[in-house]
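K.L.:
Sharing data22.csv, CSV, C-alpha atoms:
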chain,number,residue,atom,x,y,z
A,186,SER,CA,7.5,-40.8,19.1
A,187,HIS,CA,5.4,-43.9,18.5
A,188,LEU,CA,8.3,-46.3,19.3
A,189,LEU,CA,9.2,-44.3,22.5
A,190,PHE,CA,5.6,-44.5,23.7
A,191,LEU,CA,5.7,-48.3,23.2
A,192,SER,CA,8.9,-48.6,25.1
A,193,LEU,CA,7.4,-46.7,28.0
A,194,LEU,CA,4.6,-49.2,28.0
A,195,GLY,CA,7.0,-52.1,28.2
A,196,LEU,CA,6.2,-53.3,24.7
A,197,SER,CA,8.2,-54.2,21.6
A,198,SER,CA,6.3,-53.6,18.4
A,199,GLY,CA,2.9,-54.6,19.9
A,200,PHE,CA,1.5,-55.4,23.3
A,201,LEU,CA,-1.2,-56.5,25.8
A,202,PRO,CA,-2.0,-57.2,29.6
A,203,PRO,CA,-3.9,-59.9,32.2
A,204,TYR,CA,-6.5,-61.0,34.9
A,205,LEU,CA,-8.9,-63.9,34.0
A,206,ALA,CA,-12.5,-63.1,34.4
A,207,ARG,CA,-14.4,-65.9,32.8
A,208,PRO,CA,-14.4,-67.9,29.5
A,209,THR,CA,-17.2,-67.1,27.1
A,210,PRO,CA,-17.9,-68.5,23.6
A,211,TYR,CA,-16.7,-66.3,20.7
A,212,VAL,CA,-16.9,-67.2,17.0
A,213,VAL,CA,-14.7,-65.7,14.3
A,214,SER,CA,-14.7,-66.4,10.6
A,215,GLY,CA,-11.8,-66.3,8.2
A,216,ARG,CA,-9.0,-68.3,6.5
A,217,THR,CA,-6.5,-70.2,8.5
A,218,GLN,CA,-3.8,-72.8,8.0
A,219,LEU,CA,-5.1,-75.0,10.9
A,220,PHE,CA,-8.8,-74.5,11.1
A,221,SER,CA,-11.7,-74.4,8.7
A,222,THR,CA,-13.7,-71.2,7.9
A,223,GLU,CA,-15.4,-70.9,11.2
A,224,VAL,CA,-13.6,-71.3,14.5
A,225,GLU,CA,-15.1,-71.2,18.0
A,226,LEU,CA,-12.9,-69.6,20.5
A,227,ASP,CA,-12.7,-69.5,24.3
A,228,ALA,CA,-12.7,-65.8,25.1
A,229,ARG,CA,-11.0,-64.7,28.3
A,230,GLU,CA,-11.2,-61.2,29.7
A,231,PHE,CA,-8.2,-59.5,31.4
A,232,THR,CA,-7.4,-56.1,33.0
A,233,LEU,CA,-3.7,-55.6,32.8
A,234,THR,CA,-1.5,-53.0,34.5
A,235,LEU,CA,1.5,-51.5,32.8
A,236,PRO,CA,4.0,-52.7,31.7
A,237,MET,CA,2.0,-55.5,30.1
A,238,GLY,CA,4.9,-57.3,28.4
A,239,LEU,CA,3.0,-58.6,25.4
A,240,VAL,CA,4.0,-58.3,21.7
A,241,ILE,CA,1.3,-58.5,19.0
A,242,GLU,CA,1.4,-58.8,15.3
A,243,ASP,CA,-1.0,-59.1,12.4
A,244,SER,CA,-2.3,-62.7,12.1
A,245,ASP,CA,-2.3,-64.7,8.9
A,246,THR,CA,-5.9,-65.6,9.7
A,247,GLY,CA,-7.0,-62.0,10.1
A,248,GLY,CA,-7.0,-59.8,13.2
A,249,VAL,CA,-4.0,-59.6,15.6
A,250,GLU,CA,-2.4,-62.3,17.8
A,251,VAL,CA,0.1,-62.5,20.6
A,252,ILE,CA,3.6,-63.5,19.3
A,253,GLU,CA,5.6,-63.0,22.5
A,254,ILE,CA,5.2,-62.7,26.3
A,255,THR,CA,8.1,-61.0,28.1
A,256,ASP,CA,9.0,-61.9,31.7
A,257,SER,CA,8.9,-58.2,32.8
A,258,GLY,CA,5.2,-57.6,32.1
A,259,SER,CA,2.0,-58.3,34.0
A,260,ALA,CA,0.9,-60.8,31.3
A,261,ALA,CA,3.6,-63.3,32.4
A,262,SER,CA,2.0,-63.6,35.8
A,263,GLN,CA,-1.1,-65.2,34.2
A,264,GLY,CA,0.7,-68.4,33.3
A,265,ASP,CA,-1.0,-70.4,30.6
A,266,LYS,CA,-4.1,-68.2,30.7
A,267,ILE,CA,-2.3,-66.0,28.2
A,268,ALA,CA,-0.2,-67.8,25.5
A,269,VAL,CA,1.5,-67.1,22.2
A,270,GLY,CA,-1.0,-67.5,19.5
A,271,ASP,CA,-4.0,-66.0,21.4
A,272,LYS,CA,-6.1,-63.7,19.3
A,273,VAL,CA,-7.0,-60.2,20.4
A,274,LEU,CA,-10.9,-60.1,20.3
A,275,SER,CA,-11.6,-56.8,22.0
A,276,VAL,CA,-10.0,-53.9,23.7
A,277,GLY,CA,-11.9,-51.8,26.3
A,278,GLY,CA,-15.1,-53.5,25.1
A,279,THR,CA,-14.6,-52.6,21.5
A,280,PRO,CA,-14.5,-55.7,19.2
A,281,CYS,CA,-11.3,-55.9,17.1
A,282,ASP,CA,-11.1,-59.6,16.1
A,283,SER,CA,-10.8,-58.6,12.5
A,284,SER,CA,-8.9,-55.3,12.9
A,285,ASP,CA,-5.4,-54.8,11.7
A,286,PHE,CA,-2.3,-54.1,13.9
A,287,ASP,CA,-2.6,-50.3,13.7
A,288,SER,CA,-6.2,-50.2,14.7
A,289,VAL,CA,-5.7,-52.5,17.6
A,290,MET,CA,-2.6,-50.5,18.7
A,291,GLY,CA,-4.7,-47.4,18.6
A,292,LEU,CA,-7.3,-48.9,21.0
A,293,ILE,CA,-4.6,-50.1,23.3
A,294,MET,CA,-2.7,-46.8,23.4
A,295,ALA,CA,-5.9,-44.9,24.2
A,296,ALA,CA,-6.8,-47.3,27.0
A,297,ALA,CA,-3.3,-47.3,28.4
A,298,GLU,CA,-3.5,-43.6,29.3
A,299,THR,CA,-5.5,-44.8,32.4
A,300,GLY,CA,-2.7,-47.1,33.5
A,301,SER,CA,-4.4,-50.4,32.6
A,302,VAL,CA,-6.0,-52.0,29.7
A,303,SER,CA,-9.1,-54.3,29.6
A,304,LEU,CA,-9.2,-56.8,26.7
A,305,ALA,CA,-10.4,-60.2,25.6
A,306,LEU,CA,-8.1,-62.8,24.2
A,307,GLY,CA,-9.3,-66.0,22.5
A,308,ARG,CA,-8.0,-69.4,21.5
A,309,PRO,CA,-9.6,-72.4,19.7
A,310,LYS,CA,-11.9,-74.6,21.7
A,311,GLY,CA,-14.1,-77.6,21.2
A,312,ASP,CA,-13.6,-81.2,20.1
A,313,GLY,CA,-12.4,-80.2,16.6
A,314,ALA,CA,-9.6,-77.9,17.8
A,315,PRO,CA,-6.1,-79.2,17.1
A,316,ASP,CA,-3.8,-79.8,20.0
A,317,ALA,CA,-0.8,-78.1,18.3
A,318,ILE,CA,1.0,-75.6,20.5
A,319,PRO,CA,2.0,-72.3,18.9
A,320,ASP,CA,5.7,-71.9,17.9
A,321,GLY,CA,7.7,-70.0,20.5
A,322,THR,CA,5.8,-71.4,23.5
A,323,VAL,CA,8.2,-72.4,26.3
A,324,VAL,CA,7.6,-76.0,27.3
A,325,LYS,CA,9.3,-78.4,29.7
A,326,LEU,CA,11.2,-81.5,28.7
A,327,THR,CA,12.0,-84.3,31.2
A,328,VAL,CA,15.5,-85.6,30.2
A,329,ILE,CA,16.6,-89.0,31.4
A,330,GLU,CA,20.3,-89.7,31.4
A,331,LYS,CA,21.7,-92.9,32.9
A,332,GLY,CA,18.6,-93.4,35.0
A,333,ALA,CA,18.5,-89.9,36.4
A,334,ASP,CA,16.1,-87.3,35.2
A,335,ARG,CA,16.0,-83.5,35.2
A,336,VAL,CA,13.7,-80.9,33.6
A,337,VAL,CA,14.9,-78.5,31.0
A,338,GLU,CA,13.1,-75.9,28.9
A,339,GLY,CA,12.8,-75.5,25.2
A,340,LYS,CA,10.5,-73.7,22.8
A,341,VAL,CA,8.0,-75.2,20.4
A,342,GLY,CA,9.5,-75.1,16.9
A,343,ASP,CA,13.1,-75.5,18.1
A,344,ASN,CA,15.4,-78.3,16.9
A,345,LEU,CA,15.4,-81.0,19.7
A,346,ARG,CA,19.2,-81.7,19.3
A,347,GLN,CA,20.0,-78.0,19.8
A,348,VAL,CA,17.7,-77.7,22.8
A,349,LEU,CA,19.4,-80.6,24.5
A,350,LEU,CA,22.9,-79.3,23.8
A,351,ASP,CA,21.9,-75.8,24.9
A,352,ASN,CA,20.8,-77.3,28.2
A,353,LYS,CA,24.1,-79.1,28.6
A,354,VAL,CA,22.6,-82.6,28.1
A,355,ASN,CA,25.4,-85.0,27.4
A,356,LEU,CA,24.0,-86.2,24.1
A,357,TYR,CA,27.3,-87.5,22.8
A,358,ASN,CA,28.2,-89.4,26.0
A,359,SER,CA,31.1,-91.6,24.7
A,360,MET,CA,34.4,-91.0,22.9
A,361,MET,CA,33.0,-92.9,19.9
A,362,LYS,CA,30.0,-90.6,19.6
A,363,LYS,CA,32.1,-87.5,20.2
A,364,MET,CA,34.5,-88.5,17.4
A,365,SER,CA,32.0,-89.8,14.9
A,366,ASN,CA,28.9,-87.6,15.2
A,367,CYS,CA,27.9,-85.8,12.0
A,368,GLY,CA,27.2,-82.4,13.7
A,369,GLY,CA,23.4,-82.7,13.3
A,370,GLY,CA,23.3,-83.7,9.6
A,371,GLY,CA,21.1,-86.8,10.1
A,372,GLN,CA,23.7,-89.2,9.0
A,373,CYS,CA,25.4,-90.9,12.0
A,374,LEU,CA,22.6,-91.9,14.4
A,375,THR,CA,24.6,-90.9,17.4
A,376,CYS,CA,22.0,-88.4,18.6
A,377,LYS,CA,19.1,-90.9,18.6
A,378,VAL,CA,16.9,-90.6,21.7
A,379,ILE,CA,13.6,-92.1,23.0
A,380,VAL,CA,10.8,-89.5,22.9
A,381,GLU,CA,7.6,-90.0,24.9
A,382,PRO,CA,5.3,-87.1,24.0
A,383,GLY,CA,3.3,-85.4,26.7
A,384,THR,CA,1.5,-82.4,25.2
A,385,GLY,CA,1.4,-80.9,21.7
A,386,ALA,CA,1.2,-82.5,18.2
A,387,TRP,CA,4.4,-84.5,18.0
A,388,PRO,CA,4.3,-86.0,14.5
A,389,ALA,CA,5.4,-89.5,13.5
A,390,ARG,CA,8.9,-90.0,12.2
A,391,SER,CA,9.5,-88.5,8.7
A,392,GLU,CA,10.1,-90.8,5.8
A,393,TYR,CA,13.8,-90.0,6.1
A,394,GLU,CA,13.9,-90.8,9.8
A,395,GLU,CA,12.0,-94.0,9.2
A,396,GLN,CA,14.5,-95.1,6.7
A,397,LYS,CA,17.4,-94.4,9.0
A,398,LEU,CA,15.8,-95.9,12.1
A,399,LYS,CA,13.8,-98.8,10.7
A,400,LYS,CA,15.5,-101.2,13.1
A,401,PHE,CA,14.4,-99.2,16.1
A,402,PRO,CA,11.0,-98.8,17.8
A,403,ASP,CA,8.7,-95.9,16.7
A,404,ASN,CA,9.5,-93.8,19.8
A,405,VAL,CA,13.2,-93.6,18.8
A,406,ARG,CA,14.0,-90.3,17.1
A,407,LEU,CA,17.0,-88.6,15.6
A,408,ALA,CA,17.3,-85.5,17.8
A,409,CYS,CA,18.8,-83.5,14.9
A,410,MET,CA,15.7,-84.3,12.8
A,411,ALA,CA,13.1,-83.7,15.4
A,412,VAL,CA,11.3,-80.5,16.3
A,413,VAL,CA,10.0,-79.7,19.8
A,414,GLU,CA,6.2,-79.8,19.6
A,415,GLY,CA,5.3,-79.7,23.3
A,416,GLU,CA,6.2,-81.4,26.6
A,417,ALA,CA,7.8,-84.8,26.5
A,418,LYS,CA,10.1,-87.3,28.2
A,419,VAL,CA,13.4,-87.6,26.3
A,420,GLU,CA,15.7,-90.5,27.2
A,421,VAL,CA,19.3,-90.2,26.1
A,422,GLU,CA,21.0,-93.4,24.9
A,423,GLY,CA,23.9,-94.8,27.0
In structure tokens, what does this structure look like?
P.N.:
Amino acid sequence: SHLLFLSLLGLSSGFLPPYLARPTPYVVSGRTQLFSTEVELDAREFTLTLPMGLVIEDSDTGGVEVIEITDSGSAASQGDKIAVGDKVLSVGGTPCDSSDFDSVMGLIMAAAETGSVSLALGRPKGDGAPDAIPDGTVVKLTVIEKGADRVVEGKVGDNLRQVLLDNKVNLYNSMMKKMSNCGGGGQCLTCKVIVEPGTGAWPARSEYEEQKLKKFPDNVRLACMAVVEGEAKVEVEG
């Protein structure tokens, strides 16, 4: 069956593979939430062996994009050369930047019969490209607790408080905080942290945060109200 064939390829509901050849300019047109009508992309060519470990899906801007990279596939070995949000531009030399999921899947399945797939992926380039990192991208956060630091991982789009708690960060490091915290409701201020952004489009404090933290410097955030946008240093109070 179709799903069985995908599972044999090491894919979920879509997929892809990697080896960087060279970046080349590629221009696509279409609607998008982040860019204007014409976006210049950096195109990178890959030849990937099976299983590829890529999940693809129809993009809101037209065409198909990468939505997940699994650890078990060859794409993961490419590091940041392949990332969530990359657009599939061609498969086996056949352009598909505006093709739907079924069409791209057909090209990939045909190519996969040889044991590998050649494709081009693209992402925005140039001075006008935003620095926002796609949701779901795994990023590193350097957490500072009582003068000591360690690196933890989180995903772009995740709640900062939850990422810290999931990584066993002692966010509520006093009996008072443990007893009085509001459980992430944005009321008690016990989860406030200092955030020094590294990569990604970390926004300024929201109007609500600004009201709650008006006595504190701009880099102080409520972890429960903040969303991970990229790499950063996060200093825990106390």
K.L.:
Residues proximal to (5.4, -63.9, 25.3) were defined as those with any atom within 7 Å of that point in the file's coordinates, counting all atoms listed in the file. Which are they, as a VMD selection string?
P.N.:
chain A and resid 239 to 240 252 to 255 268 to 269
K.L.:
Within 10 Å of Leu274 (chain A), counting only C-alpha atoms, which residues show up once you throw out same-chain ones fewer than 4 positions away? Write them as a list in words, please.
P.N.:
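Residues near the query, excluding close chain neighbours: Tyr211, Val212, Val213, Leu226, Ala228, Arg229, Glu230, Gly248, Val249, Glu250, Gly278, Thr279, Pro280, Cys281, Asp282, Ser283, Ser284, Val289, Leu304, Ala305, Leu306, Gly307 and Arg308 of chain A.
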K.L.:
Using all atoms listed in the file, what residues lie at most 6 Å away from (7.4, -72.7, 24.9) (file coordinates), given as a list in words?
P.N.:
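The distance filter leaves exactly Gly321, Thr322, Val323, Val324, Lys340 and Val341 of chain A.
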K.L.:
Quick one: distance from CA of Leu349 (chain A) to CA of Ile267 (chain A) in Å, one decimal?
P.N.:
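Result for CA of Leu349 (chain A) versus CA of Ile267 (chain A): 26.4 Å, one decimal.
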K.L.:
Figure out the distance between CA of Lys272 (chain A) and CA of Gly385 (chain A), please, to one decimal in Å.
P.N.:
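Rounded to one decimal, the two atoms are 18.9 Å apart.
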K.L.:
Counting only C-alpha atoms, which of A:Cys376, A:Ala386, A:Met290, A:Cys367 gets nearest to Glu416 (chain A)?
P.N.:
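When distances to Glu416 (chain A) are compared using only C-alpha atoms, the smallest one comes from A:Ala386.
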K.L.:
Taking all atoms listed in the file into account, name the residue in A:Gln372, A:Thr232, A:Gln396, A:Asn352 that is nearest to Leu326 (chain A).
P.N.:
A:Asn352
K.L.:
What does the structure give for the distance between CA of Gly370 (chain A) and CA of Met410 (chain A), in Å to one decimal?
P.N.:
8.3 Å
K.L.:
Counting all atoms listed in the file, figure out which residue out of A:Asp265, A:Asp334, A:Glu381, A:Asp343 gets nearest to Val405 (chain A).
P.N.:
A:Glu381
K.L.:
May I have the residues within 10 Å of Gln347 (chain A) as a list in words, using all atoms listed in the file and disregarding those fewer than 4 positions away in the same chain?
P.N.:
Gly339, Asp343, Asp351, Asn352, Lys353, Val354, Gly369, Ala408, Cys409, Ala411 and Val412 of chain A
K.L.:
For a quick check of understanding, using all atoms listed in the file, which of A:Pro382, A:Ser288, A:Val302, A:Gly270 has the smallest distance to Met237 (chain A)?
P.N.:
A:Val302
K.L.:
A:Val276, A:Leu356, A:Ala297, A:Leu235: which is nearest Lys331 (chain A), counting all atoms listed in the file?
P.N.:
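Counting all atoms listed in the file, the residue closest to Lys331 (chain A) is A:Leu356.
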K.L.:
Closest to Met361 (chain A) among A:Cys373, A:Asp285, A:Pro309, A:Glu330, using only C-alpha atoms?
P.N.:
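Once distances to Met361 (chain A) are computed over only C-alpha atoms, the minimum belongs to A:Cys373.
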K.L.:
Can you take region 223-327 of chain A from the block and write C-alpha atoms as a PDB file, in the first residue's frame?
P.N.:
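Okay, selection03.pdb is ready:
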ATOM      1  CA  GLU A 223       8.586  37.335  -4.964  1.00  0.00           C
ATOM      2  CA  VAL A 224      11.163  35.618  -2.798  1.00  0.00           C
ATOM      3  CA  GLU A 225      14.742  34.790  -3.752  1.00  0.00           C
ATOM      4  CA  LEU A 226      15.860  31.451  -2.386  1.00  0.00           C
ATOM      5  CA  ASP A 227      19.206  29.812  -1.812  1.00  0.00           C
ATOM      6  CA  ALA A 228      18.894  26.472  -3.622  1.00  0.00           C
ATOM      7  CA  ARG A 229      20.969  23.532  -2.424  1.00  0.00           C
ATOM      8  CA  GLU A 230      21.265  20.232  -4.245  1.00  0.00           C
ATOM      9  CA  PHE A 231      21.331  16.912  -2.400  1.00  0.00           C
ATOM     10  CA  THR A 232      21.585  13.232  -3.252  1.00  0.00           C
ATOM     11  CA  LEU A 233      20.163  11.236  -0.353  1.00  0.00           C
ATOM     12  CA  THR A 234      20.253   7.553   0.414  1.00  0.00           C
ATOM     13  CA  LEU A 235      17.356   5.670   1.981  1.00  0.00           C
ATOM     14  CA  PRO A 236      15.966   6.049   4.541  1.00  0.00           C
ATOM     15  CA  MET A 237      15.943   9.813   4.100  1.00  0.00           C
ATOM     16  CA  GLY A 238      14.086  10.697   7.287  1.00  0.00           C
ATOM     17  CA  LEU A 239      12.274  13.773   5.989  1.00  0.00           C
ATOM     18  CA  VAL A 240       8.597  14.613   6.382  1.00  0.00           C
ATOM     19  CA  ILE A 241       7.032  17.015   3.883  1.00  0.00           C
ATOM     20  CA  GLU A 242       3.682  18.732   3.621  1.00  0.00           C
ATOM     21  CA  ASP A 243       1.846  21.199   1.394  1.00  0.00           C
ATOM     22  CA  SER A 244       3.063  24.736   2.130  1.00  0.00           C
ATOM     23  CA  ASP A 245       0.758  27.688   2.782  1.00  0.00           C
ATOM     24  CA  THR A 246       2.841  29.621   0.244  1.00  0.00           C
ATOM     25  CA  GLY A 247       2.472  27.001  -2.506  1.00  0.00           C
ATOM     26  CA  GLY A 248       4.566  23.950  -3.231  1.00  0.00           C
ATOM     27  CA  VAL A 249       5.809  21.563  -0.556  1.00  0.00           C
ATOM     28  CA  GLU A 250       8.076  22.164   2.446  1.00  0.00           C
ATOM     29  CA  VAL A 251       9.966  20.149   5.054  1.00  0.00           C
ATOM     30  CA  ILE A 252       8.057  19.935   8.350  1.00  0.00           C
ATOM     31  CA  GLU A 253      10.184  17.398  10.230  1.00  0.00           C
ATOM     32  CA  ILE A 254      13.644  15.770  10.115  1.00  0.00           C
ATOM     33  CA  THR A 255      13.980  12.449  11.920  1.00  0.00           C
ATOM     34  CA  ASP A 256      17.193  11.259  13.554  1.00  0.00           C
ATOM     35  CA  SER A 257      17.123   7.912  11.728  1.00  0.00           C
ATOM     36  CA  GLY A 258      17.468   9.256   8.178  1.00  0.00           C
ATOM     37  CA  SER A 259      20.327  10.523   6.025  1.00  0.00           C
ATOM     38  CA  ALA A 260      18.987  14.097   6.081  1.00  0.00           C
ATOM     39  CA  ALA A 261      19.889  14.461   9.767  1.00  0.00           C
ATOM     40  CA  SER A 262      23.586  14.049   8.952  1.00  0.00           C
ATOM     41  CA  GLN A 263      23.483  17.289   6.972  1.00  0.00           C
ATOM     42  CA  GLY A 264      23.102  19.464  10.055  1.00  0.00           C
ATOM     43  CA  ASP A 265      21.704  22.911   9.275  1.00  0.00           C
ATOM     44  CA  LYS A 266      22.112  22.406   5.529  1.00  0.00           C
ATOM     45  CA  ILE A 267      18.593  20.933   5.655  1.00  0.00           C
ATOM     46  CA  ALA A 268      16.081  22.544   7.988  1.00  0.00           C
ATOM     47  CA  VAL A 269      12.397  22.589   8.812  1.00  0.00           C
ATOM     48  CA  GLY A 270      10.764  25.111   6.483  1.00  0.00           C
ATOM     49  CA  ASP A 271      12.992  24.394   3.475  1.00  0.00           C
ATOM     50  CA  LYS A 272      11.010  24.270   0.240  1.00  0.00           C
ATOM     51  CA  VAL A 273      11.284  21.401  -2.264  1.00  0.00           C
ATOM     52  CA  LEU A 274      12.318  23.027  -5.560  1.00  0.00           C
ATOM     53  CA  SER A 275      13.063  20.019  -7.729  1.00  0.00           C
ATOM     54  CA  VAL A 276      13.296  16.225  -7.615  1.00  0.00           C
ATOM     55  CA  GLY A 277      15.557  14.386 -10.044  1.00  0.00           C
ATOM     56  CA  GLY A 278      15.968  17.603 -12.028  1.00  0.00           C
ATOM     57  CA  THR A 279      12.206  18.078 -12.445  1.00  0.00           C
ATOM     58  CA  PRO A 280      11.046  21.477 -11.091  1.00  0.00           C
ATOM     59  CA  CYS A 281       8.293  21.167  -8.478  1.00  0.00           C
ATOM     60  CA  ASP A 282       8.414  24.418  -6.511  1.00  0.00           C
ATOM     61  CA  SER A 283       4.711  24.991  -7.170  1.00  0.00           C
ATOM     62  CA  SER A 284       3.596  21.330  -7.207  1.00  0.00           C
ATOM     63  CA  ASP A 285       1.273  19.843  -4.600  1.00  0.00           C
ATOM     64  CA  PHE A 286       2.114  17.078  -2.134  1.00  0.00           C
ATOM     65  CA  ASP A 287       0.860  14.197  -4.311  1.00  0.00           C
ATOM     66  CA  SER A 288       2.860  15.355  -7.334  1.00  0.00           C
ATOM     67  CA  VAL A 289       6.078  15.772  -5.360  1.00  0.00           C
ATOM     68  CA  MET A 290       5.500  12.435  -3.653  1.00  0.00           C
ATOM     69  CA  GLY A 291       5.161  10.776  -7.042  1.00  0.00           C
ATOM     70  CA  LEU A 292       8.503  12.186  -8.184  1.00  0.00           C
ATOM     71  CA  ILE A 293      10.218  11.072  -4.990  1.00  0.00           C
ATOM     72  CA  MET A 294       8.771   7.547  -5.070  1.00  0.00           C
ATOM     73  CA  ALA A 295       9.852   7.102  -8.681  1.00  0.00           C
ATOM     74  CA  ALA A 296      13.376   8.271  -7.895  1.00  0.00           C
ATOM     75  CA  ALA A 297      13.558   6.168  -4.720  1.00  0.00           C
ATOM     76  CA  GLU A 298      13.392   2.963  -6.749  1.00  0.00           C
ATOM     77  CA  THR A 299      17.108   3.507  -7.493  1.00  0.00           C
ATOM     78  CA  GLY A 300      17.971   3.646  -3.783  1.00  0.00           C
ATOM     79  CA  SER A 301      18.661   7.373  -3.637  1.00  0.00           C
ATOM     80  CA  VAL A 302      16.944  10.653  -4.503  1.00  0.00           C
ATOM     81  CA  SER A 303      18.431  13.814  -5.987  1.00  0.00           C
ATOM     82  CA  LEU A 304      16.614  17.001  -5.093  1.00  0.00           C
ATOM     83  CA  ALA A 305      17.010  20.728  -4.554  1.00  0.00           C
ATOM     84  CA  LEU A 306      15.790  22.492  -1.420  1.00  0.00           C
ATOM     85  CA  GLY A 307      15.548  26.239  -0.964  1.00  0.00           C
ATOM     86  CA  ARG A 308      15.233  28.809   1.790  1.00  0.00           C
ATOM     87  CA  PRO A 309      14.950  32.632   1.688  1.00  0.00           C
ATOM     88  CA  LYS A 310      18.148  34.591   1.073  1.00  0.00           C
ATOM     89  CA  GLY A 311      19.256  38.161   0.769  1.00  0.00           C
ATOM     90  CA  ASP A 312      19.167  41.266   2.918  1.00  0.00           C
ATOM     91  CA  GLY A 313      15.365  41.378   2.960  1.00  0.00           C
ATOM     92  CA  ALA A 314      14.902  37.866   4.314  1.00  0.00           C
ATOM     93  CA  PRO A 315      13.595  37.700   7.867  1.00  0.00           C
ATOM     94  CA  ASP A 316      15.670  35.966  10.520  1.00  0.00           C
ATOM     95  CA  ALA A 317      12.743  34.045  11.978  1.00  0.00           C
ATOM     96  CA  ILE A 318      13.495  30.342  12.481  1.00  0.00           C
ATOM     97  CA  PRO A 319      10.752  27.854  11.468  1.00  0.00           C
ATOM     98  CA  ASP A 320       8.641  26.367  14.253  1.00  0.00           C
ATOM     99  CA  GLY A 321       9.839  22.945  15.365  1.00  0.00           C
ATOM    100  CA  THR A 322      13.525  23.659  14.758  1.00  0.00           C
ATOM    101  CA  VAL A 323      15.649  22.328  17.624  1.00  0.00           C
ATOM    102  CA  VAL A 324      17.811  25.083  19.140  1.00  0.00           C
ATOM    103  CA  LYS A 325      20.236  25.308  22.054  1.00  0.00           C
ATOM    104  CA  LEU A 326      19.620  27.428  25.135  1.00  0.00           C
ATOM    105  CA  THR A 327      22.456  28.234  27.526  1.00  0.00           C
TER     106      THR A 327
END
